[in-house]
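The file data04.cif comes next; it holds mmCIF, C-alpha atoms.
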data_run
#
loop_
_atom_site.label_atom_id
_atom_site.label_comp_id
_atom_site.auth_asym_id
_atom_site.auth_seq_id
_atom_site.Cartn_x
_atom_site.Cartn_y
_atom_site.Cartn_z
CA MET A 1 130.67 22.71 37.24
CA ASN A 2 130.82 19.54 39.28
CA GLU A 3 133.34 20.83 41.82
CA LYS A 4 132.39 20.42 45.41
CA ILE A 5 131.71 23.87 46.80
CA ASP A 6 133.65 24.37 50.02
CA LEU A 7 133.06 27.93 51.20
CA ASP A 8 136.07 27.89 53.55
CA GLU A 9 138.36 26.76 50.74
CA ILE A 10 136.89 29.35 48.36
CA GLU A 11 137.57 32.07 50.90
CA ARG A 12 141.13 30.85 51.47
CA LYS A 13 141.75 30.70 47.73
CA MET A 14 140.52 34.24 47.21
CA TRP A 15 142.61 35.46 50.14
CA ARG A 16 145.67 33.67 48.74
CA GLU A 17 145.11 35.07 45.27
CA ALA A 18 144.63 38.63 46.50
CA ASN A 19 147.90 38.51 48.47
CA SER A 20 150.14 36.60 46.10
CA ASP A 21 151.72 39.75 44.70
CA GLY A 22 154.55 40.03 47.25
CA ILE A 23 153.60 43.58 48.21
CA MET A 24 153.00 42.75 51.86
CA GLU A 25 156.43 41.12 52.06
CA LEU A 26 158.07 44.18 50.53
CA LEU A 27 156.38 46.51 52.99
CA LEU A 28 157.22 44.20 55.90
CA GLY A 29 160.85 44.31 54.80
CA ILE A 30 160.78 48.10 54.74
CA LEU A 31 159.11 48.20 58.15
CA LEU A 32 161.75 45.87 59.61
CA PHE A 33 164.48 48.01 58.07
CA PHE A 34 163.15 51.16 59.74
CA THR A 35 162.65 49.26 62.99
CA ALA A 36 166.30 48.23 62.88
CA GLY A 37 167.15 51.84 62.21
CA THR A 38 165.37 53.05 65.33
CA TRP A 39 167.69 50.90 67.42
CA ALA A 40 170.62 52.76 65.88
CA ARG A 41 169.24 56.28 65.57
CA SER A 42 166.20 57.66 67.33
CA ASN A 43 165.35 59.95 64.39
CA PHE A 44 164.35 56.84 62.44
CA THR A 45 161.31 56.67 64.68
CA ILE A 46 159.58 59.26 62.48
CA PHE A 47 159.48 56.71 59.64
CA LEU A 48 157.85 54.16 61.89
CA ALA A 49 155.27 56.74 62.94
CA LEU A 50 154.40 57.32 59.27
CA VAL A 51 153.58 53.64 58.67
CA PRO A 52 150.15 53.57 60.33
CA ILE A 53 149.31 56.91 58.68
CA PHE A 54 150.35 56.18 55.12
CA GLY A 55 150.71 52.40 55.10
CA ASN A 56 147.28 51.60 53.70
CA ARG A 57 147.52 54.27 51.02
CA VAL A 58 150.88 52.96 49.89
CA ILE A 59 149.55 49.40 49.74
CA GLU A 60 146.52 50.51 47.73
CA ALA A 61 148.63 52.53 45.33
CA LEU A 62 150.96 49.60 44.72
CA LYS A 63 148.07 47.18 44.26
CA ALA A 64 146.34 49.56 41.85
CA ARG A 65 149.55 49.73 39.82
CA PHE A 66 150.61 46.06 39.85
CA THR A 67 147.85 43.79 41.16
CA TYR A 68 144.37 44.92 40.17
CA PRO A 69 145.07 45.26 36.42
CA ARG A 70 146.27 41.64 36.42
CA ILE A 71 143.94 39.69 38.65
CA GLY A 72 141.16 42.14 39.42
CA TYR A 73 139.97 43.62 42.69
CA VAL A 74 138.47 41.94 45.72
CA GLU A 75 137.43 43.40 49.05
CA LEU A 76 137.92 40.64 51.60
CA LYS A 77 135.81 40.41 54.73
CA GLU A 78 137.17 42.36 57.66
CA GLU A 79 138.12 40.69 60.89
CA ASP A 80 136.44 41.54 64.13
CA GLY A 81 139.06 44.01 65.32
CA LYS A 82 138.26 43.71 68.99
CA SER A 83 138.58 39.95 69.29
CA LEU A 84 141.63 39.97 67.00
CA GLY A 85 143.25 42.60 69.19
CA TRP A 86 142.63 40.63 72.38
CA GLY A 87 143.90 37.49 70.69
CA ILE A 88 147.13 39.19 69.66
CA LEU A 89 147.63 40.66 73.12
CA GLY A 90 147.05 37.31 74.77
CA TYR A 91 149.44 35.55 72.42
CA VAL A 92 152.20 38.16 72.88
CA LEU A 93 151.91 37.91 76.66
CA ALA A 94 152.07 34.12 76.41
CA VAL A 95 155.22 34.35 74.27
CA ILE A 96 156.87 36.73 76.73
CA ALA A 97 156.04 34.35 79.56
CA VAL A 98 157.43 31.32 77.71
CA VAL A 99 160.61 33.11 76.62
CA SER A 100 161.10 34.34 80.19
CA ILE A 101 160.88 30.76 81.45
CA VAL A 102 163.35 29.60 78.79
CA ALA A 103 165.68 32.43 79.76
CA ALA A 104 165.42 31.54 83.45
CA VAL A 105 166.31 27.94 82.66
CA PHE A 106 169.18 29.11 80.43
CA TYR A 107 170.69 31.21 83.23
CA GLY A 108 170.14 28.45 85.77
CA GLY A 109 168.22 30.81 88.01
CA ASN A 110 171.17 33.24 88.19
CA LEU A 111 169.55 36.47 87.08
CA GLU A 112 172.54 38.75 87.73
CA SER A 113 173.77 38.21 84.20
CA PHE A 114 170.29 38.33 82.66
CA ASP A 115 170.27 40.48 79.52
CA ALA A 116 166.73 41.08 78.30
CA TYR A 117 167.85 42.50 74.93
CA ARG A 118 169.51 39.22 74.07
CA TRP A 119 166.15 37.45 74.13
CA VAL A 120 164.36 39.92 71.86
CA PRO A 121 165.18 38.05 68.61
CA LEU A 122 163.80 34.77 69.96
CA ALA A 123 160.69 36.49 71.32
CA PHE A 124 160.16 38.30 68.03
CA GLY A 125 160.50 35.05 66.10
CA ALA A 126 157.98 33.35 68.36
CA ILE A 127 155.52 36.25 68.04
CA PHE A 128 155.94 36.21 64.29
CA LEU A 129 155.25 32.47 64.29
CA GLY A 130 151.81 33.20 65.70
CA GLY A 131 151.18 35.71 62.97
CA MET A 132 152.16 33.21 60.31
CA ILE A 133 149.92 30.52 61.80
CA TYR A 134 147.07 33.02 61.57
CA LEU A 135 148.06 33.89 57.99
CA HIS A 136 148.13 30.23 57.00
CA GLY A 137 144.70 29.76 58.52
CA LYS A 138 143.34 32.61 56.40
CA SER A 139 145.09 31.76 53.16
CA GLY A 140 146.23 28.15 53.23
CA ASP A 141 149.44 29.48 51.70
CA PRO A 142 152.37 27.21 52.62
CA VAL A 143 154.81 30.12 52.22
CA ALA A 144 153.67 31.20 55.70
CA TYR A 145 155.49 28.15 57.07
CA LEU A 146 158.69 29.23 55.33
CA TYR A 147 158.44 32.74 56.79
CA SER A 148 157.78 31.46 60.30
CA PHE A 149 160.65 28.95 60.04
CA VAL A 150 163.10 31.65 58.94
CA THR A 151 162.14 34.20 61.61
CA LEU A 152 162.03 31.66 64.45
CA VAL A 153 165.28 29.90 63.53
CA ALA A 154 167.05 33.21 62.95
CA GLY A 155 165.71 34.45 66.29
CA GLY A 156 167.08 31.36 67.99
CA ILE A 157 170.47 31.69 66.32
CA PHE A 158 170.83 35.37 67.15
CA THR A 159 169.76 34.75 70.74
CA PHE A 160 171.84 31.69 71.56
CA TYR A 161 174.84 32.07 69.26
CA GLY A 162 174.91 35.68 68.17
CA PHE A 163 176.05 37.14 71.45
CA GLU A 164 179.77 36.77 71.93
CA SER A 165 180.96 39.95 73.53
CA SER A 166 180.71 40.57 77.24
CA ASN A 167 180.08 44.25 76.71
CA GLY A 168 176.52 43.83 77.88
CA PHE A 169 173.65 45.86 76.54
CA GLU A 170 175.39 47.66 73.69
CA SER A 171 176.35 44.37 72.04
CA SER A 172 172.87 43.03 72.60
CA LYS A 173 171.35 46.04 70.86
CA HIS A 174 173.62 45.47 67.90
CA ILE A 175 172.48 41.85 67.78
CA ILE A 176 168.85 43.02 67.61
CA GLN A 177 169.70 45.45 64.80
CA LEU A 178 171.50 42.72 62.89
CA TYR A 179 168.59 40.31 63.37
CA LEU A 180 166.06 42.87 62.14
CA LEU A 181 168.24 43.85 59.20
CA SER A 182 168.63 40.19 58.25
CA LEU A 183 164.88 39.71 58.31
CA ALA A 184 164.38 42.95 56.38
CA GLY A 185 166.71 41.67 53.67
CA PHE A 186 164.95 38.31 53.58
CA PHE A 187 161.47 39.79 53.23
CA LEU A 188 162.54 42.40 50.69
CA LEU A 189 164.04 39.62 48.58
CA ALA A 190 161.04 37.34 49.09
CA GLY A 191 158.68 40.16 48.18
CA LEU A 192 160.61 41.04 45.05
CA VAL A 193 160.71 37.42 43.89
CA ARG A 194 156.99 37.00 44.52
CA LEU A 195 156.14 40.25 42.74
CA LEU A 196 158.21 39.41 39.67
CA THR A 197 156.78 35.88 39.55
CA PHE A 198 153.29 37.28 39.99
CA MET A 199 153.75 39.75 37.13
CA ARG A 200 155.15 37.08 34.83
CA ARG A 201 152.29 34.64 35.53
CA ASN A 202 149.53 37.24 35.34
CA PRO A 203 149.74 39.56 32.33
CA VAL A 204 147.64 42.69 32.30
CA LEU A 205 144.24 41.95 30.75
CA VAL A 206 142.10 44.40 28.80
CA MET A 207 138.52 43.86 29.84
CA PRO A 208 135.61 44.83 27.63
CA ASP A 209 132.72 46.46 29.42
CA ALA A 210 130.60 43.78 31.11
CA ASP A 211 127.47 44.97 29.35
CA GLU A 212 128.88 44.29 25.87
CA MET B 213 110.09 18.51 49.49
CA LYS B 214 111.77 21.86 49.90
CA ASN B 215 111.50 24.29 47.04
CA PHE B 216 114.99 25.00 45.87
CA ASP B 217 115.78 28.41 44.51
CA LYS B 218 116.26 27.37 40.89
CA LEU B 219 118.06 30.60 40.12
CA ILE B 220 120.83 29.78 42.59
CA HIS B 221 120.71 26.03 41.91
CA GLU B 222 122.15 26.45 38.42
CA PRO B 223 125.83 25.45 38.82
CA ALA B 224 127.41 28.55 37.33
CA ARG B 225 125.24 30.91 39.36
CA LEU B 226 125.78 28.82 42.47
CA LEU B 227 129.52 29.27 41.96
CA ILE B 228 129.12 33.03 41.54
CA MET B 229 126.97 33.32 44.64
CA ALA B 230 129.39 31.17 46.68
CA HIS B 231 132.34 33.35 45.72
CA LEU B 232 130.53 36.60 46.48
CA PHE B 233 129.22 35.19 49.75
CA VAL B 234 132.70 34.92 51.31
CA VAL B 235 133.86 38.44 50.40
CA GLU B 236 132.54 41.99 50.67
CA SER B 237 132.83 42.61 46.93
CA ALA B 238 134.82 41.57 43.88
CA ASP B 239 135.19 42.99 40.43
CA PHE B 240 134.37 41.25 37.18
CA LEU B 241 137.94 40.28 36.37
CA PHE B 242 138.60 38.73 39.76
CA LEU B 243 135.38 36.75 39.66
CA MET B 244 136.02 35.58 36.11
CA ARG B 245 139.45 34.23 37.11
CA GLN B 246 138.19 32.59 40.28
CA THR B 247 135.19 30.87 38.69
CA GLY B 248 136.94 29.97 35.45
CA MET B 249 134.02 31.27 33.40
CA THR B 250 134.31 33.07 30.12
CA PHE B 251 133.51 36.75 29.89
CA GLY B 252 130.20 36.18 28.10
CA ASN B 253 129.12 33.36 30.41
CA LEU B 254 129.78 35.36 33.56
CA SER B 255 128.12 38.44 32.13
CA SER B 256 124.98 36.49 31.27
CA HIS B 257 124.64 34.91 34.72
CA MET B 258 125.50 38.18 36.38
CA SER B 259 122.58 39.83 34.61
CA ARG B 260 120.18 37.11 35.77
CA LEU B 261 121.28 37.51 39.39
CA GLU B 262 121.09 41.28 39.19
CA THR B 263 117.58 41.15 37.77
CA ALA B 264 116.55 38.89 40.66
CA GLY B 265 117.98 41.41 43.11
CA TYR B 266 120.59 39.01 44.47
CA ILE B 267 123.63 41.04 43.45
CA ASP B 268 124.40 44.69 43.00
CA VAL B 269 126.51 45.77 40.09
CA GLU B 270 128.45 49.01 40.34
CA LYS B 271 130.11 50.43 37.30
CA GLU B 272 132.86 52.95 37.79
CA PHE B 273 136.03 54.17 36.19
CA VAL B 274 139.42 53.36 37.65
CA GLY B 275 141.58 55.88 35.94
CA LYS B 276 140.32 55.72 32.38
CA LYS B 277 139.33 52.06 32.48
CA PRO B 278 135.77 50.89 33.18
CA ASN B 279 135.48 48.63 36.19
CA THR B 280 132.50 46.52 37.23
CA LYS B 281 132.21 45.64 40.90
CA LEU B 282 129.77 43.07 42.26
CA HIS B 283 128.51 42.28 45.73
CA LEU B 284 125.66 40.28 47.21
CA THR B 285 122.63 42.22 48.35
CA GLU B 286 120.96 41.47 51.67
CA ASP B 287 118.32 39.54 49.74
CA GLY B 288 121.04 37.65 47.93
CA ARG B 289 122.78 36.66 51.18
CA ALA B 290 119.50 35.57 52.70
CA ALA B 291 118.59 33.57 49.60
CA PHE B 292 121.97 31.86 49.57
CA GLN B 293 121.72 31.02 53.28
CA GLU B 294 118.26 29.58 52.70
CA TYR B 295 119.54 27.54 49.78
CA ARG B 296 122.32 26.10 51.94
CA ARG B 297 119.85 25.20 54.68
CA ASN B 298 117.58 23.46 52.18
CA MET B 299 120.50 21.48 50.75
CA ARG B 300 121.65 20.37 54.22
CA HIS B 301 118.10 19.36 55.04
CA VAL B 302 117.77 17.29 51.89
CA PHE B 303 121.04 15.44 52.45
CA GLY B 304 120.11 14.97 56.08
CA ASP B 305 116.84 13.33 55.00
CA LEU B 306 118.65 11.14 52.46
CA SER B 307 121.16 9.81 54.97
CA SER B 308 118.52 8.90 57.58
#

Translate this structure into structure tokens?
Amino acid sequence: MNEKIDLDEIERKMWREANSDGIMELLLGILLFFTAGTWARSNFTIFLALVPIFGNRVIEALKARFTYPRIGYVELKEEDGKSLGWGILGYVLAVIAVVSIVAAVFYGGNLESFDAYRWVPLAFGAIFLGGMIYLHGKSGDPVAYLYSFVTLVAGGIFTFYGFESSNGFESSKHIIQLYLLSLAGFFLLAGLVRLLTFMRRNPVLVMPDADE
Amino acid sequence: MKNFDKLIHEPARLLIMAHLFVVESADFLFLMRQTGMTFGNLSSHMSRLETAGYIDVEKEFVGKKPNTKLHLTEDGRAAFQEYRRNMRHVFGDLSS
């Protein structure tokens, strides 16, 4: 018991352990899939509306089935919702501002051919980068860097090289759908790999009662 | 010299308190894995801390399986904070 006790590192380790099951990645993949669907068909919006209602219950049900029997249960400390919300809003506005500046430079000040949809993948990737920086701060998990790299690079590719047709907005919407579907596929695969690895490394344990 | 809380100062219990300090609650299995303690070792130290009023132990059933959940009490959090202050003070005195 000679380890140095670093409370921040202990918290990060517990956060990392509690979220190493791949379930968040799977649900993110599903969410991205339905988001891509809403760009194609408006009746997909109903699935997005169900996410905030049933999302937590689904996560808990999956964790109760796969995670808790293997590594146990932990209730992590909740963030201060208000300050987190303001932080997210501020960051998103900053990203929109930066992407707008990049777009203005890209068009050389000629805004007649400006297509806002084209820049959605890059903006999304940049917003997601912020989320992954936050996630890495909480968990110390280097996989956050991989996720941010993939979403940002893919966003850049779909923005700068994915648009070939001059059919304007319709092609741009298809590019957004393709970008979101690509990310959905990536996160579904990443989540599945993490879940299977997690299950292999952590067999279900039978615990005697703690009083015995 | 500051009086250290000898209950918390014991390395295994210090580890338990540190882990529970940074979360709302954790069950027995999670804590056992995080601290690296054996079942019997953790159970023994858990009982000492519960008797002192530093942790609360809730036993419930998840499905048909018994589950033991632990969290620091207000007294436990205060005691741990005090312990940390005392340790910082001691090392501050040593370095001066």

Name the closest residue to B:Leu282 among the candidates A:Ala61, A:Leu27, A:Gly72, A:Val51; distances are taken between atoms, counting all atoms listed in the file. A:Gly72

Judged by all atoms listed in the file, the minimum distance to B:Gly288 among B:Leu243, B:Leu254, B:Val274, B:Ile220 is found for B:Ile220

Need to verify the contact set: A:Ile96, 10 Å, only C-alpha atoms, exclusion of same-chain residues closer than 6 positions in sequence. Can you return it as an mmCIF file with C-alpha atoms, in the frame of the given file?
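Everything below was put into result14.cif:
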data_model
loop_
_atom_site.group_PDB
_atom_site.id
_atom_site.type_symbol
_atom_site.label_atom_id
_atom_site.label_comp_id
_atom_site.auth_asym_id
_atom_site.auth_seq_id
_atom_site.Cartn_x
_atom_site.Cartn_y
_atom_site.Cartn_z
ATOM 1 C CA VAL A 102 163.350 29.600 78.790
ATOM 2 C CA TRP A 119 166.150 37.450 74.130
ATOM 3 C CA VAL A 120 164.360 39.920 71.860
ATOM 4 C CA LEU A 122 163.800 34.770 69.960
ATOM 5 C CA ALA A 123 160.690 36.490 71.320
ATOM 6 C CA PHE A 124 160.160 38.300 68.030
ATOM 7 C CA ALA A 126 157.980 33.350 68.360
ATOM 8 C CA ILE A 127 155.520 36.250 68.040
#

What do you get, as a PyMOL selection string, if you spell out every residue that the PyMOL selection byres ((chain A) within 6 of (chain B)) selects here? chain A and resi 1+11+71-77+210

Near-A:Ala190 list (12 Å; all atoms listed in the file; drop same-chain fewer than 2 positions) as an NGL selection string: :A and (20-29 or 143-144 or 146-147 or 150 or 183-188 or 192-198)

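From atom CA of A:Pro69 back to atom CA of A:Ile30, the distance works out to 24.3 Å.
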
Select, counting only C-alpha atoms, all protein, DNA and RNA residues no farther than 9 Å from (121.9, 39.2, 48.4) in file coordinates, and express the selection as a list of chain:residue names.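 With a cut-off of 9 Å, the residues come to B:Met229, B:Phe233, B:Gly265, B:Tyr266, B:Ile267, B:Asp268, B:His283, B:Leu284, B:Thr285, B:Glu286, B:Asp287, B:Gly288, B:Arg289, B:Ala290, B:Ala291, B:Phe292.
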
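Here atom CA of A:Leu180 and atom CA of A:Ala36 stand 5.4 Å from one another.
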
One-decimal distance in Å that lies between atom CA of B:Gln293 and atom CA of A:Gly85: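 About the pair atom CA of A:Gly85 and atom CA of B:Gln293: they are 29.2 Å apart.
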
Extract, using only C-alpha atoms, all DNA, RNA and protein residues at most 9 Å from A:Thr35, discarding same-chain residues fewer than 6 positions from it, and format them as a count of residues only. 7

Just so the selection is clear, what residues does the PyMOL selection byres ((chain B and resi 215-219) around 8) cover here, as a PDB file with C-alpha atoms, in the frame of the given file?
ATOM      1  CA  MET B 213     110.090  18.510  49.490  1.00  0.00           C
ATOM      2  CA  LYS B 214     111.770  21.860  49.900  1.00  0.00           C
ATOM      3  CA  ILE B 220     120.830  29.780  42.590  1.00  0.00           C
ATOM      4  CA  HIS B 221     120.710  26.030  41.910  1.00  0.00           C
ATOM      5  CA  GLU B 222     122.150  26.450  38.420  1.00  0.00           C
ATOM      6  CA  ARG B 225     125.240  30.910  39.360  1.00  0.00           C
ATOM      7  CA  LEU B 261     121.280  37.510  39.390  1.00  0.00           C
ATOM      8  CA  ALA B 291     118.590  33.570  49.600  1.00  0.00           C
ATOM      9  CA  TYR B 295     119.540  27.540  49.780  1.00  0.00           C
ATOM     10  CA  ASN B 298     117.580  23.460  52.180  1.00  0.00           C
TER      11      ASN B 298
END

Considering all atoms listed in the file, return as a PyMOL selection string whatever protein or nucleic-acid residues lie within 8 Å of stretch 134-142 of chain A, sequence-local ones (same chain, fewer than 4 positions apart) excluded. chain A and resi 11-16+130+146

Written file, previous selection with C-alpha atoms, as a PDB file, keeping the file's coordinate frame:
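And here's result-v5.pdb as it stands now:
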ATOM      1  CA  GLU A  11     137.570  32.070  50.900  1.00  0.00           C
ATOM      2  CA  ARG A  12     141.130  30.850  51.470  1.00  0.00           C
ATOM      3  CA  LYS A  13     141.750  30.700  47.730  1.00  0.00           C
ATOM      4  CA  MET A  14     140.520  34.240  47.210  1.00  0.00           C
ATOM      5  CA  TRP A  15     142.610  35.460  50.140  1.00  0.00           C
ATOM      6  CA  ARG A  16     145.670  33.670  48.740  1.00  0.00           C
ATOM      7  CA  GLY A 130     151.810  33.200  65.700  1.00  0.00           C
ATOM      8  CA  LEU A 146     158.690  29.230  55.330  1.00  0.00           C
TER       9      LEU A 146
END
